[in-house]
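Q: What follows is model_22.tsv, TSV, C-alpha atoms and all ligand atoms.
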chain	number	residue	atom	x	y	z
A	1	MET	CA	-5.89	-2.38	-2.88
A	2	PRO	CA	-2.30	-1.26	-3.27
A	3	GLU	CA	-0.30	-1.70	-0.07
A	4	LEU	CA	3.22	-0.77	1.05
A	5	PRO	CA	5.13	-2.85	-1.56
A	6	GLU	CA	3.00	-1.76	-4.52
A	7	VAL	CA	3.00	1.92	-3.55
A	8	GLU	CA	6.77	1.82	-2.93
A	9	GLY	CA	7.18	0.26	-6.39
A	10	LEU	CA	4.91	2.89	-7.89
A	11	ALA	CA	6.84	5.69	-6.17
A	12	ALA	CA	10.14	4.28	-7.45
A	13	ALA	CA	8.82	3.96	-11.01
A	14	LEU	CA	7.45	7.51	-11.03
A	15	ARG	CA	10.58	8.93	-9.38
A	16	GLU	CA	12.68	7.42	-12.16
A	17	ARG	CA	10.41	8.89	-14.86
A	18	LEU	CA	9.61	12.27	-13.36
A	19	VAL	CA	12.39	13.80	-11.30
A	20	GLY	CA	13.74	16.73	-13.29
A	21	ARG	CA	10.65	16.97	-15.53
A	22	ALA	CA	8.33	19.97	-15.20
A	23	VAL	CA	4.55	19.79	-14.95
A	24	ALA	CA	3.07	21.10	-18.21
A	25	GLU	CA	-0.63	20.84	-17.54
A	26	THR	CA	-3.16	19.34	-15.15
A	27	ALA	CA	-6.79	18.41	-15.81
A	28	LEU	CA	-9.12	17.60	-12.93
A	29	ALA	CA	-12.04	15.51	-14.14
A	30	SER	CA	-13.43	14.40	-10.79
A	31	PHE	CA	-13.95	17.29	-8.40
A	32	SER	CA	-14.62	14.97	-5.48
A	33	LEU	CA	-11.02	13.68	-5.75
A	34	LEU	CA	-9.40	16.85	-4.44
A	35	LYS	CA	-9.85	17.41	-0.70
A	36	THR	CA	-8.04	20.75	-0.48
A	37	VAL	CA	-8.83	24.16	-1.98
A	38	GLY	CA	-5.80	26.21	-0.89
A	39	VAL	CA	-3.49	25.33	-3.78
A	40	PRO	CA	-5.23	24.74	-7.15
A	41	PRO	CA	-3.72	22.15	-9.54
A	42	GLN	CA	-2.90	24.95	-12.01
A	43	ALA	CA	-0.42	26.34	-9.48
A	44	LEU	CA	1.80	23.33	-10.35
A	45	HIS	CA	2.16	24.28	-14.03
A	46	GLY	CA	5.71	24.99	-15.12
A	47	ARG	CA	7.24	23.72	-11.88
A	48	PRO	CA	9.73	20.82	-11.61
A	49	VAL	CA	9.10	17.44	-9.93
A	50	ASP	CA	11.61	17.10	-7.05
A	51	ASP	CA	10.73	13.64	-5.77
A	52	VAL	CA	8.06	10.95	-5.45
A	53	ARG	CA	7.51	9.52	-1.99
A	54	ARG	CA	5.48	6.91	-0.14
A	55	TYR	CA	3.97	7.45	3.31
A	56	GLY	CA	2.27	4.27	4.54
A	57	LYS	CA	-0.09	3.48	1.66
A	58	TYR	CA	-0.12	7.10	0.45
A	59	LEU	CA	1.78	8.33	-2.60
A	60	SER	CA	3.14	11.86	-2.85
A	61	LEU	CA	4.48	13.77	-5.84
A	62	VAL	CA	6.68	16.57	-4.65
A	63	VAL	CA	6.45	19.40	-7.18
A	64	ASP	CA	8.85	22.24	-6.41
A	65	GLY	CA	8.21	21.86	-2.68
A	66	THR	CA	4.43	21.43	-3.04
A	67	HIS	CA	3.07	17.95	-2.20
A	68	VAL	CA	0.40	16.23	-4.26
A	69	VAL	CA	-0.62	13.50	-1.81
A	70	VAL	CA	-2.81	10.65	-3.08
A	71	HIS	CA	-4.57	7.79	-1.32
A	72	LEU	CA	-5.52	5.22	-3.95
A	73	MET	CA	-7.96	3.37	-1.66
A	74	ARG	CA	-9.50	0.20	-3.10
A	75	ALA	CA	-9.72	0.81	-6.81
A	76	GLY	CA	-7.48	3.78	-7.52
A	77	TRP	CA	-4.37	3.46	-9.65
A	78	VAL	CA	-1.81	5.44	-11.64
A	79	ALA	CA	-1.67	4.90	-15.38
A	80	TRP	CA	1.57	6.02	-17.00
A	81	HIS	CA	1.80	7.29	-20.59
A	82	ASP	CA	5.10	7.80	-22.39
A	83	GLU	CA	2.96	9.99	-24.58
A	84	ALA	CA	-0.03	11.54	-22.83
A	85	PRO	CA	-3.39	11.20	-24.63
A	86	ARG	CA	-4.58	14.40	-26.25
A	87	THR	CA	-8.26	13.72	-25.71
A	88	ARG	CA	-9.97	16.29	-23.53
A	89	LEU	CA	-11.29	15.02	-20.21
A	90	ARG	CA	-14.88	15.94	-19.51
A	91	PRO	CA	-15.47	16.85	-15.87
A	92	GLY	CA	-18.10	14.54	-14.42
A	93	GLY	CA	-17.85	12.27	-17.47
A	94	ARG	CA	-17.74	8.48	-17.49
A	95	SER	CA	-13.99	8.14	-17.87
A	96	PRO	CA	-12.23	6.43	-14.95
A	97	VAL	CA	-9.62	9.21	-15.11
A	98	ALA	CA	-9.95	11.54	-12.12
A	99	LEU	CA	-6.83	13.66	-12.67
A	100	ARG	CA	-4.39	13.90	-15.55
A	101	MET	CA	-0.95	15.46	-15.25
A	102	THR	CA	1.21	15.99	-18.31
A	103	PHE	CA	4.90	16.84	-18.32
A	104	ASP	CA	7.24	18.94	-20.43
A	105	ASP	CA	8.47	15.96	-22.49
A	106	GLY	CA	4.95	14.96	-23.55
A	107	SER	CA	4.65	12.12	-21.02
A	108	GLY	CA	1.79	12.01	-18.54
A	109	LEU	CA	0.04	10.18	-15.77
A	110	ASP	CA	-3.61	9.55	-15.02
A	111	LEU	CA	-5.04	8.93	-11.59
A	112	THR	CA	-7.79	6.45	-12.39
A	113	GLU	CA	-10.49	4.82	-10.33
A	114	ALA	CA	-12.64	1.96	-11.54
A	115	GLY	CA	-16.17	1.27	-10.32
A	116	THR	CA	-18.94	3.45	-8.99
A	117	ARG	CA	-17.86	3.65	-5.36
A	118	LYS	CA	-15.29	6.43	-5.48
A	119	GLY	CA	-12.92	6.53	-2.54
A	120	MET	CA	-9.64	7.79	-3.99
A	121	ALA	CA	-8.56	11.10	-2.49
A	122	ALA	CA	-5.90	13.74	-3.20
A	123	TRP	CA	-4.57	16.75	-1.33
A	124	ILE	CA	-2.34	19.55	-2.65
A	125	VAL	CA	-0.43	21.04	0.28
A	126	ASP	CA	2.77	22.92	1.07
A	127	ASP	CA	3.58	20.52	3.90
A	128	PRO	CA	2.52	16.83	4.04
A	129	ALA	CA	1.88	17.29	7.77
A	130	GLN	CA	-1.19	19.31	6.73
A	131	VAL	CA	-2.83	16.05	5.62
A	132	GLU	CA	-4.54	14.65	8.68
A	133	GLY	CA	-4.36	11.06	7.44
A	134	LEU	CA	-0.55	11.31	7.27
A	135	THR	CA	0.06	12.72	10.73
A	136	GLY	CA	-2.09	9.94	12.18
A	137	LEU	CA	-0.01	7.13	10.65
A	138	GLY	CA	1.86	4.73	12.91
A	139	PRO	CA	5.49	3.75	12.19
A	140	ASP	CA	6.16	2.32	8.74
A	141	ALA	CA	5.83	-1.49	8.71
A	142	LEU	CA	9.23	-1.90	7.02
A	143	GLY	CA	11.22	1.11	8.21
A	144	LEU	CA	9.75	1.12	11.76
A	145	VAL	CA	9.96	4.93	11.90
A	146	PRO	CA	7.24	7.58	11.39
A	147	PRO	CA	6.47	7.70	7.63
A	148	LEU	CA	7.03	11.45	7.34
A	149	GLU	CA	10.55	11.05	8.70
A	150	MET	CA	11.49	8.06	6.57
A	151	PRO	CA	13.77	8.26	3.53
A	152	PRO	CA	12.73	6.21	0.46
A	153	LEU	CA	13.48	2.49	0.86
A	154	VAL	CA	14.68	2.30	-2.69
A	155	GLY	CA	18.02	3.71	-3.66
A	156	VAL	CA	20.75	3.29	-6.21
A	157	ASP	CA	23.77	1.39	-4.91
A	158	ARG	CA	26.69	3.77	-5.42
A	159	ALA	CA	29.18	0.96	-6.00
A	160	THR	CA	27.22	-1.10	-8.52
A	161	GLY	CA	24.69	1.38	-9.90
A	162	GLU	CA	21.96	-1.16	-9.13
A	163	VAL	CA	18.58	-0.13	-7.81
A	164	ARG	CA	17.95	-1.86	-4.52
A	165	VAL	CA	15.68	-1.87	-1.50
A	166	ALA	CA	17.52	-1.02	1.70
A	167	VAL	CA	16.07	-1.70	5.14
A	168	SER	CA	18.50	-1.26	8.01
A	169	THR	CA	16.56	-2.73	10.98
A	170	THR	CA	17.96	-5.74	12.89
A	171	ALA	CA	15.99	-8.83	13.96
A	172	GLU	CA	16.37	-7.70	17.56
A	173	GLU	CA	14.93	-4.25	16.83
A	174	ARG	CA	12.04	-5.76	14.92
A	175	ALA	CA	11.15	-8.19	17.73
A	176	GLY	CA	11.33	-5.34	20.27
A	177	PHE	CA	9.18	-3.12	18.09
A	178	TRP	CA	6.45	-5.76	17.73
A	179	ALA	CA	6.55	-6.67	21.42
A	180	GLY	CA	5.74	-3.00	22.07
A	181	VAL	CA	2.95	-2.95	19.50
A	182	LEU	CA	1.28	-6.11	20.83
A	183	ALA	CA	1.52	-5.31	24.56
A	184	GLY	CA	-1.92	-4.76	26.03
A	185	ARG	CA	-3.75	-5.04	22.71
A	186	ARG	CA	-6.67	-7.42	22.89
A	187	THR	CA	-7.28	-7.11	19.16
A	188	ARG	CA	-7.15	-9.91	16.64
A	189	LEU	CA	-3.91	-10.03	14.68
A	190	LYS	CA	-5.70	-9.64	11.34
A	191	GLY	CA	-7.24	-6.34	12.44
A	192	LEU	CA	-4.19	-5.11	14.32
A	193	LEU	CA	-1.88	-5.54	11.31
A	194	ARG	CA	-4.20	-3.40	9.19
A	195	GLU	CA	-4.67	-0.59	11.68
A	196	GLN	CA	-2.75	2.29	10.07
A	197	ALA	CA	-2.52	4.29	13.30
A	198	VAL	CA	-0.59	1.40	14.87
A	199	VAL	CA	1.66	0.34	11.98
A	200	SER	CA	1.31	1.79	8.49
A	201	GLY	CA	1.44	0.15	5.08
A	202	ILE	CA	-0.24	-3.25	5.54
A	203	GLY	CA	-3.68	-4.00	4.08
A	204	ASN	CA	-5.97	-6.95	3.56
A	205	GLY	CA	-3.75	-8.93	1.20
A	206	TRP	CA	-0.35	-8.82	2.86
A	207	SER	CA	-1.84	-9.22	6.37
A	208	ASP	CA	-3.12	-12.67	5.29
A	209	GLU	CA	0.35	-13.52	3.98
A	210	ILE	CA	2.09	-12.27	7.13
A	211	CYS	CA	-0.14	-14.40	9.41
A	212	HIS	CA	0.50	-17.43	7.17
A	213	THR	CA	4.27	-16.95	7.09
A	214	ALA	CA	4.31	-16.43	10.88
A	215	ARG	CA	2.17	-19.60	11.32
A	216	LEU	CA	-0.25	-17.62	13.49
A	217	SER	CA	-4.04	-17.58	13.50
A	218	PRO	CA	-5.48	-14.32	12.13
A	219	PHE	CA	-7.84	-14.47	15.11
A	220	ALA	CA	-5.02	-14.66	17.72
A	221	LEU	CA	-5.22	-11.75	20.14
A	222	GLY	CA	-2.26	-9.37	20.05
A	223	ASP	CA	-1.36	-9.56	23.72
A	224	SER	CA	-1.65	-13.37	23.82
A	225	LEU	CA	1.50	-13.97	21.76
A	226	ASP	CA	4.54	-15.33	23.58
A	227	ALA	CA	8.09	-14.20	22.84
A	228	GLY	CA	8.64	-16.90	20.22
A	229	GLN	CA	5.43	-16.06	18.39
A	230	THR	CA	6.19	-12.33	18.58
A	231	GLY	CA	9.59	-12.97	17.01
A	232	ARG	CA	7.96	-15.02	14.24
A	233	LEU	CA	5.47	-12.24	13.57
A	234	ALA	CA	8.23	-9.60	13.45
A	235	GLU	CA	10.26	-11.65	10.97
A	236	ALA	CA	7.20	-12.49	8.87
A	237	VAL	CA	6.28	-8.80	8.49
A	238	HIS	CA	9.84	-8.01	7.45
A	239	GLU	CA	10.29	-10.96	5.09
A	240	VAL	CA	6.90	-10.73	3.39
A	241	LEU	CA	6.97	-6.97	2.83
A	242	LEU	CA	10.64	-6.81	1.85
A	243	GLY	CA	10.24	-9.65	-0.64
A	244	ALA	CA	7.15	-8.07	-2.16
A	245	THR	CA	8.83	-4.66	-2.36
A	246	GLU	CA	11.88	-6.15	-4.06
A	247	ARG	CA	9.62	-7.79	-6.64
A	248	ALA	CA	7.66	-4.54	-7.13
A	249	VAL	CA	10.62	-2.22	-7.64
A	250	GLY	CA	11.73	-1.92	-11.23
A	251	ARG	CA	8.32	-2.84	-12.61
A	252	ALA	CA	6.28	-0.44	-14.70
A	253	PRO	CA	3.12	0.92	-13.02
A	254	GLU	CA	0.81	-1.22	-15.20
A	255	GLU	CA	2.60	-4.42	-14.13
A	256	LEU	CA	2.47	-3.74	-10.41
A	257	LYS	CA	-1.20	-4.38	-9.78
A	258	ASP	CA	-1.23	-7.95	-11.08
A	259	GLY	CA	2.30	-8.65	-9.91
A	260	LYS	CA	1.03	-8.50	-6.33
A	261	ARG	CA	-0.77	-11.84	-6.67
A	262	GLU	CA	2.34	-13.77	-7.69
A	263	GLY	CA	3.94	-13.64	-4.28
A	264	MET	CA	0.81	-14.68	-2.39
A	265	ARG	CA	0.34	-18.16	-0.95
A	266	VAL	CA	-3.05	-17.92	0.77
A	267	HIS	CA	-4.62	-14.53	0.01
A	268	GLY	CA	-7.23	-14.85	-2.74
A	269	ARG	CA	-6.55	-18.61	-2.94
A	270	ALA	CA	-9.43	-20.18	-1.00
A	271	GLY	CA	-9.97	-23.79	-2.03
A	272	GLN	CA	-6.43	-24.18	-3.37
A	273	GLU	CA	-3.68	-26.26	-1.85
A	274	CYS	CA	-1.36	-24.56	0.66
A	275	PRO	CA	2.12	-24.65	-0.92
A	276	VAL	CA	3.68	-25.21	2.52
A	277	CYS	CA	1.66	-28.05	4.08
A	278	GLY	CA	-0.78	-29.17	1.37
A	279	ASP	CA	-3.92	-28.42	3.42
A	280	VAL	CA	-6.81	-26.60	1.72
A	281	VAL	CA	-6.72	-22.80	2.05
A	282	ARG	CA	-9.90	-21.63	3.81
A	283	GLU	CA	-11.61	-18.28	4.02
A	284	VAL	CA	-13.77	-16.20	6.31
A	285	VAL	CA	-16.15	-13.90	4.42
A	286	TYR	CA	-17.37	-10.58	5.83
A	287	ALA	CA	-19.85	-8.08	4.39
A	288	ASP	CA	-17.27	-6.20	2.33
A	289	SER	CA	-14.05	-8.18	2.65
A	290	SER	CA	-12.71	-11.66	3.18
A	291	MET	CA	-9.59	-13.27	4.56
A	292	GLN	CA	-7.81	-16.47	3.69
A	293	TYR	CA	-5.65	-18.72	5.86
A	294	CYS	CA	-4.35	-22.26	6.06
A	295	PRO	CA	-5.67	-24.38	8.96
A	296	GLY	CA	-2.69	-26.74	8.70
A	297	CYS	CA	-0.12	-23.98	9.10
A	298	GLN	CA	-1.98	-21.51	11.28
A	299	THR	CA	-4.73	-22.88	13.50
A	300	GLY	CA	-3.70	-26.43	14.34
A	301	GLY	CA	-6.23	-27.69	11.81
A	302	GLN	CA	-9.17	-25.74	13.23
A	303	VAL	CA	-11.55	-24.16	10.71
A	304	LEU	CA	-12.49	-20.62	11.72
A	305	ALA	CA	-16.10	-19.44	11.78
A	306	ASP	CA	-17.36	-18.14	8.45
A	307	ARG	CA	-19.98	-15.46	7.81
A	308	SER	CA	-22.91	-17.48	9.11
A	309	THR	CA	-21.41	-17.68	12.57
A	310	SER	CA	-18.66	-15.05	12.72
A	311	ARG	CA	-20.93	-12.31	14.05
A	312	PHE	CA	-21.34	-14.34	17.23
A	313	VAL	CA	-17.60	-14.73	17.70
A	314	LYS	CA	-16.11	-11.66	19.31
B	1	ZN	ZN	-0.40	-24.74	5.15
Would it be possible to restate this file's structure as structure tokens?
Ligand SMILES: [Zn+2]
A:
Amino acid sequence: MPELPEVEGLAAALRERLVGRAVAETALASFSLLKTVGVPPQALHGRPVDDVRRYGKYLSLVVDGTHVVVHLMRAGWVAWHDEAPRTRLRPGGRSPVALRMTFDDGSGLDLTEAGTRKGMAAWIVDDPAQVEGLTGLGPDALGLVPPLEMPPLVGVDRATGEVRVAVSTTAEERAGFWAGVLAGRRTRLKGLLREQAVVSGIGNGWSDEICHTARLSPFALGDSLDAGQTGRLAEAVHEVLLGATERAVGRAPEELKDGKREGMRVHGRAGQECPVCGDVVREVVYADSSMQYCPGCQTGGQVLADRSTSRFVK
């Protein structure tokens, strides 16, 4: 599932390609994708793209003041075409394409979703605050401010002309922010990091990496962390997400999905050697997800309960 770094990279790539272009046509192939009825996709035709933004893990195309907000969920993605395919999309057909947008220079993008379990969702609204999922988001995990108030993290350096990721928080602010988040929360770190109403942008993959970098057990309870551990967590969130965002920015949309794996040391690597301490990366498997961690780095060598016993461990 795309998380903060991948969606920020996607937003930057689309911003570069689309700002100043006008929407030529739209074709909705999956009617379950669109969650709003007020503004039909055809209303976007002929209007210019102003911006492309990220809110938490949501992507938004701003078309002449109207927001096309998308949550890619588990299997959704954006396919970019320098030249949009001319094939007609059949509504309800077998194509993974749920929505196609073409632009006035012949380019286009497809919102695609693989698999049979469709979860991707889109809203077309005049104000992003009309999307309930957006107003409920906690502060951005990198910017530490409410997503709807946050400028893009990616900008062009005026002096050098280079595209760069700019985050202006200090270590002190980050530690203070996380101390506030953790206070009174008797929730395991792994769950807490992924709770979008608390902090937005982190999902299953990067939460494993953050716990590993912070040398903290994913099962540690939020309010049990001391000041030193809280500081480590704050810096791990910052380092891991900033590094991943820097690697994501400048990549084409089709490279971003696989690029995510490169920066990961434990997530998706059960059975492999931890690059930090050499211990074997372990995993805990749940009904529809799993998490990976390194006992050597994170739990003092203790192996956490797997599926057969985890339901007894609260
Ligand atoms: Zn290790």
Q: Smallest atom-to-atom distance to Asp127 (chain A): which of A:Arg47, A:His67, A:Arg194, A:Arg251, using all atoms listed in the file?
A: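 Under the stated criterion, the closest residue is A:His67.
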Q: For Leu216 (chain A), find every residue with an atom within 7 Å (counting all atoms listed in the file), except residues of its own chain fewer than 4 positions away, and show them as a ChimeraX atom specification.
A: /A:211-212,298-299
Q: Compare A:Val266, A:Leu182, A:Ala171, A:Val163 by their minimum atom-to-atom distance to ligand ZN 1 (chain B), counting only C-alpha atoms and all ligand atoms, and give me the closest one.
A: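 Looking only at the distances to ligand ZN 1 (chain B), the closest residue turns out to be A:Val266.
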Q: Taking only C-alpha atoms and all ligand atoms and a cut-off of 7 Å, can you tell me which residues surround ligand ZN 1 (chain B), written as an MDAnalysis selection string?
A: chainID A and resid 274:279 294:297
Q: List the spatial neighbours of region 149-157 of chain A as a list in words - criterion: any atom at most 10 Å away, all atoms listed in the file, same-chain residues fewer than 6 positions off excluded.
A: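 The residues that qualify are Glu8, Gly9, Ala11, Ala12, Asp51, Val52, Arg53, Arg54, Tyr55, Pro139, Asp140, Leu142, Gly143, Val163, Arg164, Val165, Ala166, Val167, Ser168, Leu242, Thr245, Glu246, Val249 and Gly250 of chain A.
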Q: Could the residues of region 178-236 of chain A that have an atom at most 12 Å from region 58-63 of chain A be listed as CSV, each with its closest atom pair and the distance in Å to one decimal, counting all atoms listed in the file and ordered by chain and ascending residue number?
A:
residue,atom,partner,partner_atom,distance
A:Gln196,CA,A:Tyr58,CA,11.1
A:Ser200,CA,A:Tyr58,CA,9.7
A:Gly201,CA,A:Tyr58,CA,8.5
A:Ile202,CA,A:Tyr58,CA,11.5
Q: Could you tell me how far CA of Glu273 (chain A) lies from CA of Leu225 (chain A), in Å and to one decimal?
A: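 Taking CA of Glu273 (chain A) and CA of Leu225 (chain A), their separation equals 27.1 Å.
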Q: Would you mind listing what lies within 6 Å of region 97-112 of chain A as number ranges by chain, with only C-alpha atoms counted and same-chain residues fewer than 4 positions away left out?
A: A: 22-30, 76-84
Q: Let me see the file: selected residues, C-alpha atoms, as a tab-separated table (two decimals), in the coordinates of the input.
A:
chain	number	residue	atom	x	y	z
A	22	ALA	CA	8.33	19.97	-15.20
A	23	VAL	CA	4.55	19.79	-14.95
A	24	ALA	CA	3.07	21.10	-18.21
A	25	GLU	CA	-0.63	20.84	-17.54
A	26	THR	CA	-3.16	19.34	-15.15
A	27	ALA	CA	-6.79	18.41	-15.81
A	28	LEU	CA	-9.12	17.60	-12.93
A	29	ALA	CA	-12.04	15.51	-14.14
A	30	SER	CA	-13.43	14.40	-10.79
A	76	GLY	CA	-7.48	3.78	-7.52
A	77	TRP	CA	-4.37	3.46	-9.65
A	78	VAL	CA	-1.81	5.44	-11.64
A	79	ALA	CA	-1.67	4.90	-15.38
A	80	TRP	CA	1.57	6.02	-17.00
A	81	HIS	CA	1.80	7.29	-20.59
A	82	ASP	CA	5.10	7.80	-22.39
A	83	GLU	CA	2.96	9.99	-24.58
A	84	ALA	CA	-0.03	11.54	-22.83
